[in-house]
Each structure stands twice: as structure tokens, then as C-alpha cells.
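Here is upload17.cif, consisting of mmCIF, N, CA and C atoms:
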```cif
data_protein
#
loop_
_atom_site.label_atom_id
_atom_site.label_comp_id
_atom_site.auth_asym_id
_atom_site.auth_seq_id
_atom_site.Cartn_x
_atom_site.Cartn_y
_atom_site.Cartn_z
N MET A 1 33.12 -38.82 18.70
CA MET A 1 34.26 -38.80 19.59
C MET A 1 33.84 -39.24 20.99
N LEU A 2 32.70 -38.78 21.41
CA LEU A 2 32.26 -39.15 22.76
C LEU A 2 32.08 -40.65 22.89
N LYS A 3 31.66 -41.29 21.82
CA LYS A 3 31.50 -42.74 21.86
C LYS A 3 32.83 -43.44 22.07
N MET A 4 33.91 -42.88 21.51
CA MET A 4 35.24 -43.47 21.71
C MET A 4 35.58 -43.52 23.20
N PHE A 5 35.27 -42.45 23.91
CA PHE A 5 35.58 -42.41 25.33
C PHE A 5 34.79 -43.46 26.11
N SER A 6 33.60 -43.78 25.66
CA SER A 6 32.81 -44.78 26.38
C SER A 6 33.39 -46.18 26.24
N TYR A 7 34.18 -46.41 25.17
CA TYR A 7 34.81 -47.71 24.98
C TYR A 7 36.14 -47.85 25.72
N ALA A 8 36.66 -46.76 26.21
CA ALA A 8 37.94 -46.81 26.92
C ALA A 8 37.75 -47.54 28.25
N LYS A 9 38.51 -48.56 28.43
CA LYS A 9 38.36 -49.41 29.61
C LYS A 9 39.24 -48.97 30.78
N ASP A 10 40.30 -48.22 30.49
CA ASP A 10 41.22 -47.85 31.56
C ASP A 10 41.93 -46.54 31.20
N GLU A 11 42.78 -46.09 32.10
CA GLU A 11 43.51 -44.83 31.90
C GLU A 11 44.42 -44.88 30.68
N ARG A 12 45.00 -46.02 30.43
CA ARG A 12 45.90 -46.17 29.28
C ARG A 12 45.14 -45.93 27.98
N ALA A 13 43.95 -46.48 27.86
CA ALA A 13 43.14 -46.28 26.66
C ALA A 13 42.74 -44.81 26.51
N LEU A 14 42.38 -44.17 27.61
CA LEU A 14 42.04 -42.75 27.56
C LEU A 14 43.24 -41.92 27.13
N GLU A 15 44.41 -42.27 27.62
CA GLU A 15 45.62 -41.55 27.24
C GLU A 15 45.92 -41.72 25.75
N GLU A 16 45.69 -42.91 25.20
CA GLU A 16 45.90 -43.15 23.78
C GLU A 16 44.93 -42.31 22.94
N ILE A 17 43.69 -42.21 23.38
CA ILE A 17 42.71 -41.39 22.68
C ILE A 17 43.14 -39.93 22.74
N ARG A 18 43.55 -39.47 23.91
CA ARG A 18 43.98 -38.09 24.07
C ARG A 18 45.16 -37.77 23.15
N LYS A 19 46.13 -38.67 23.10
CA LYS A 19 47.30 -38.46 22.24
C LYS A 19 46.91 -38.43 20.77
N SER A 20 46.00 -39.30 20.38
CA SER A 20 45.55 -39.33 18.99
C SER A 20 44.83 -38.04 18.61
N LEU A 21 43.97 -37.57 19.49
CA LEU A 21 43.25 -36.32 19.22
C LEU A 21 44.20 -35.14 19.18
N THR A 22 45.16 -35.12 20.09
CA THR A 22 46.14 -34.04 20.12
C THR A 22 46.94 -34.02 18.82
N ALA A 23 47.39 -35.17 18.37
CA ALA A 23 48.17 -35.25 17.13
C ALA A 23 47.33 -34.81 15.93
N TYR A 24 46.07 -35.22 15.90
CA TYR A 24 45.19 -34.86 14.80
C TYR A 24 45.00 -33.35 14.71
N PHE A 25 44.67 -32.72 15.84
CA PHE A 25 44.43 -31.28 15.81
C PHE A 25 45.72 -30.49 15.62
N ALA A 26 46.83 -30.98 16.11
CA ALA A 26 48.11 -30.32 15.87
C ALA A 26 48.44 -30.34 14.38
N GLN A 27 48.17 -31.44 13.72
CA GLN A 27 48.41 -31.56 12.28
C GLN A 27 47.53 -30.58 11.51
N ARG A 28 46.28 -30.44 11.92
CA ARG A 28 45.37 -29.51 11.24
C ARG A 28 45.85 -28.07 11.40
N VAL A 29 46.29 -27.71 12.60
CA VAL A 29 46.80 -26.36 12.84
C VAL A 29 48.03 -26.12 11.98
N GLU A 30 48.92 -27.10 11.93
CA GLU A 30 50.13 -26.94 11.13
C GLU A 30 49.80 -26.75 9.65
N GLU A 31 48.84 -27.51 9.15
CA GLU A 31 48.43 -27.37 7.76
C GLU A 31 47.85 -25.98 7.49
N ASP A 32 47.03 -25.48 8.41
CA ASP A 32 46.47 -24.14 8.26
C ASP A 32 47.56 -23.07 8.29
N MET A 33 48.52 -23.23 9.18
CA MET A 33 49.63 -22.28 9.26
C MET A 33 50.44 -22.30 7.97
N ASP A 34 50.72 -23.49 7.46
CA ASP A 34 51.47 -23.61 6.20
C ASP A 34 50.72 -22.94 5.05
N LYS A 35 49.40 -23.10 5.02
CA LYS A 35 48.60 -22.48 3.97
C LYS A 35 48.70 -20.95 4.06
N LEU A 36 48.56 -20.41 5.27
CA LEU A 36 48.70 -18.97 5.45
C LEU A 36 50.08 -18.49 4.99
N TRP A 37 51.10 -19.25 5.33
CA TRP A 37 52.47 -18.88 4.96
C TRP A 37 52.63 -18.90 3.43
N ASP A 38 52.17 -19.99 2.81
CA ASP A 38 52.30 -20.13 1.36
C ASP A 38 51.55 -19.03 0.60
N GLU A 39 50.44 -18.57 1.17
CA GLU A 39 49.65 -17.52 0.53
C GLU A 39 50.13 -16.12 0.90
N GLY A 40 51.18 -16.04 1.71
CA GLY A 40 51.73 -14.76 2.11
C GLY A 40 50.86 -14.00 3.10
N LEU A 41 50.02 -14.72 3.82
CA LEU A 41 49.07 -14.10 4.74
C LEU A 41 49.44 -14.28 6.21
N TRP A 42 50.54 -14.96 6.48
CA TRP A 42 50.91 -15.26 7.86
C TRP A 42 51.10 -13.99 8.70
N ASP A 43 51.82 -13.01 8.16
CA ASP A 43 52.07 -11.77 8.91
C ASP A 43 50.78 -11.04 9.24
N GLN A 44 49.86 -10.99 8.28
CA GLN A 44 48.57 -10.34 8.52
C GLN A 44 47.80 -11.06 9.63
N TYR A 45 47.83 -12.37 9.59
CA TYR A 45 47.13 -13.16 10.61
C TYR A 45 47.70 -12.88 12.00
N ILE A 46 49.01 -12.85 12.11
CA ILE A 46 49.66 -12.61 13.39
C ILE A 46 49.32 -11.20 13.90
N GLU A 47 49.37 -10.21 13.02
CA GLU A 47 49.05 -8.84 13.42
C GLU A 47 47.61 -8.74 13.93
N ARG A 48 46.67 -9.34 13.22
CA ARG A 48 45.27 -9.31 13.65
C ARG A 48 45.09 -10.03 14.97
N THR A 49 45.78 -11.13 15.14
CA THR A 49 45.65 -11.92 16.37
C THR A 49 46.13 -11.12 17.57
N PHE A 50 47.29 -10.47 17.44
CA PHE A 50 47.81 -9.72 18.56
C PHE A 50 47.03 -8.43 18.82
N GLU A 51 46.53 -7.81 17.75
CA GLU A 51 45.73 -6.60 17.93
C GLU A 51 44.43 -6.92 18.67
N SER A 52 43.82 -8.04 18.36
CA SER A 52 42.57 -8.39 19.02
C SER A 52 42.78 -8.85 20.45
N ALA A 53 43.99 -9.26 20.78
CA ALA A 53 44.28 -9.71 22.13
C ALA A 53 44.49 -8.54 23.10
N LEU A 54 44.75 -7.38 22.55
CA LEU A 54 45.01 -6.21 23.40
C LEU A 54 43.77 -5.54 23.86
#
```
Could you render the structure from this file as C-alpha cells?
Amino acid sequence: MLKMFSYAKDERALEEIRKSLTAYFAQRVEEDMDKLWDEGLWDQYIERTFESAL
């Protein structure tokens, strides 16, 4: 990934890389959330997340 940034010639190219990375990681999070939901584990995950935040 760092090599991609070295090829960016201007702000527009950097913005395109940023958008691509954002979309990629957003898709991965969505897939993980869907998996938790399908397995009936979403509620447990949310409870653990909020309990650990306190």
C-alpha cells in the first residue's frame, strides 16, 4: 500500500487511493457484520463492545 502512495503524482491521485481504500475496508466491515448477523451473534458482539467501552 505504501508503494501506491509513492506513485501518486498529485492530490487527485491521493484522493482516489483514499477513496478506494475506504471502500475496500467498508466492504470488509459490512461483510463481517453480515456474517455476525447471519450466525445470530450480532447482539452478543454489540453487548461485548459496549461493555468493554465502559
Could you write out as lines of an AutoDock Vina configuration file the box around range 23-38 of chain A (axis-aligned, all atoms listed in the file, 3 Å on each side), with centre and edge lengths in Å to one decimal?
```
center_x = 48.5
center_y = -26.9
center_z = 9.5
size_x = 14.2
size_y = 22.8
size_z = 23.8
```
I'd like the interatomic distance between atom N of Lys3 in chain A and CA of Met33 in chain A, to a tenth of an Å.
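Separation of atom N of Lys3 in chain A and CA of Met33 in chain A: 29.0 Å.
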Could you state the separation of CA of Ser20 in chain A and atom N of Gly40 in chain A in Å, given to one decimal place?
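Here the two named atoms are 29.5 Å from each other.
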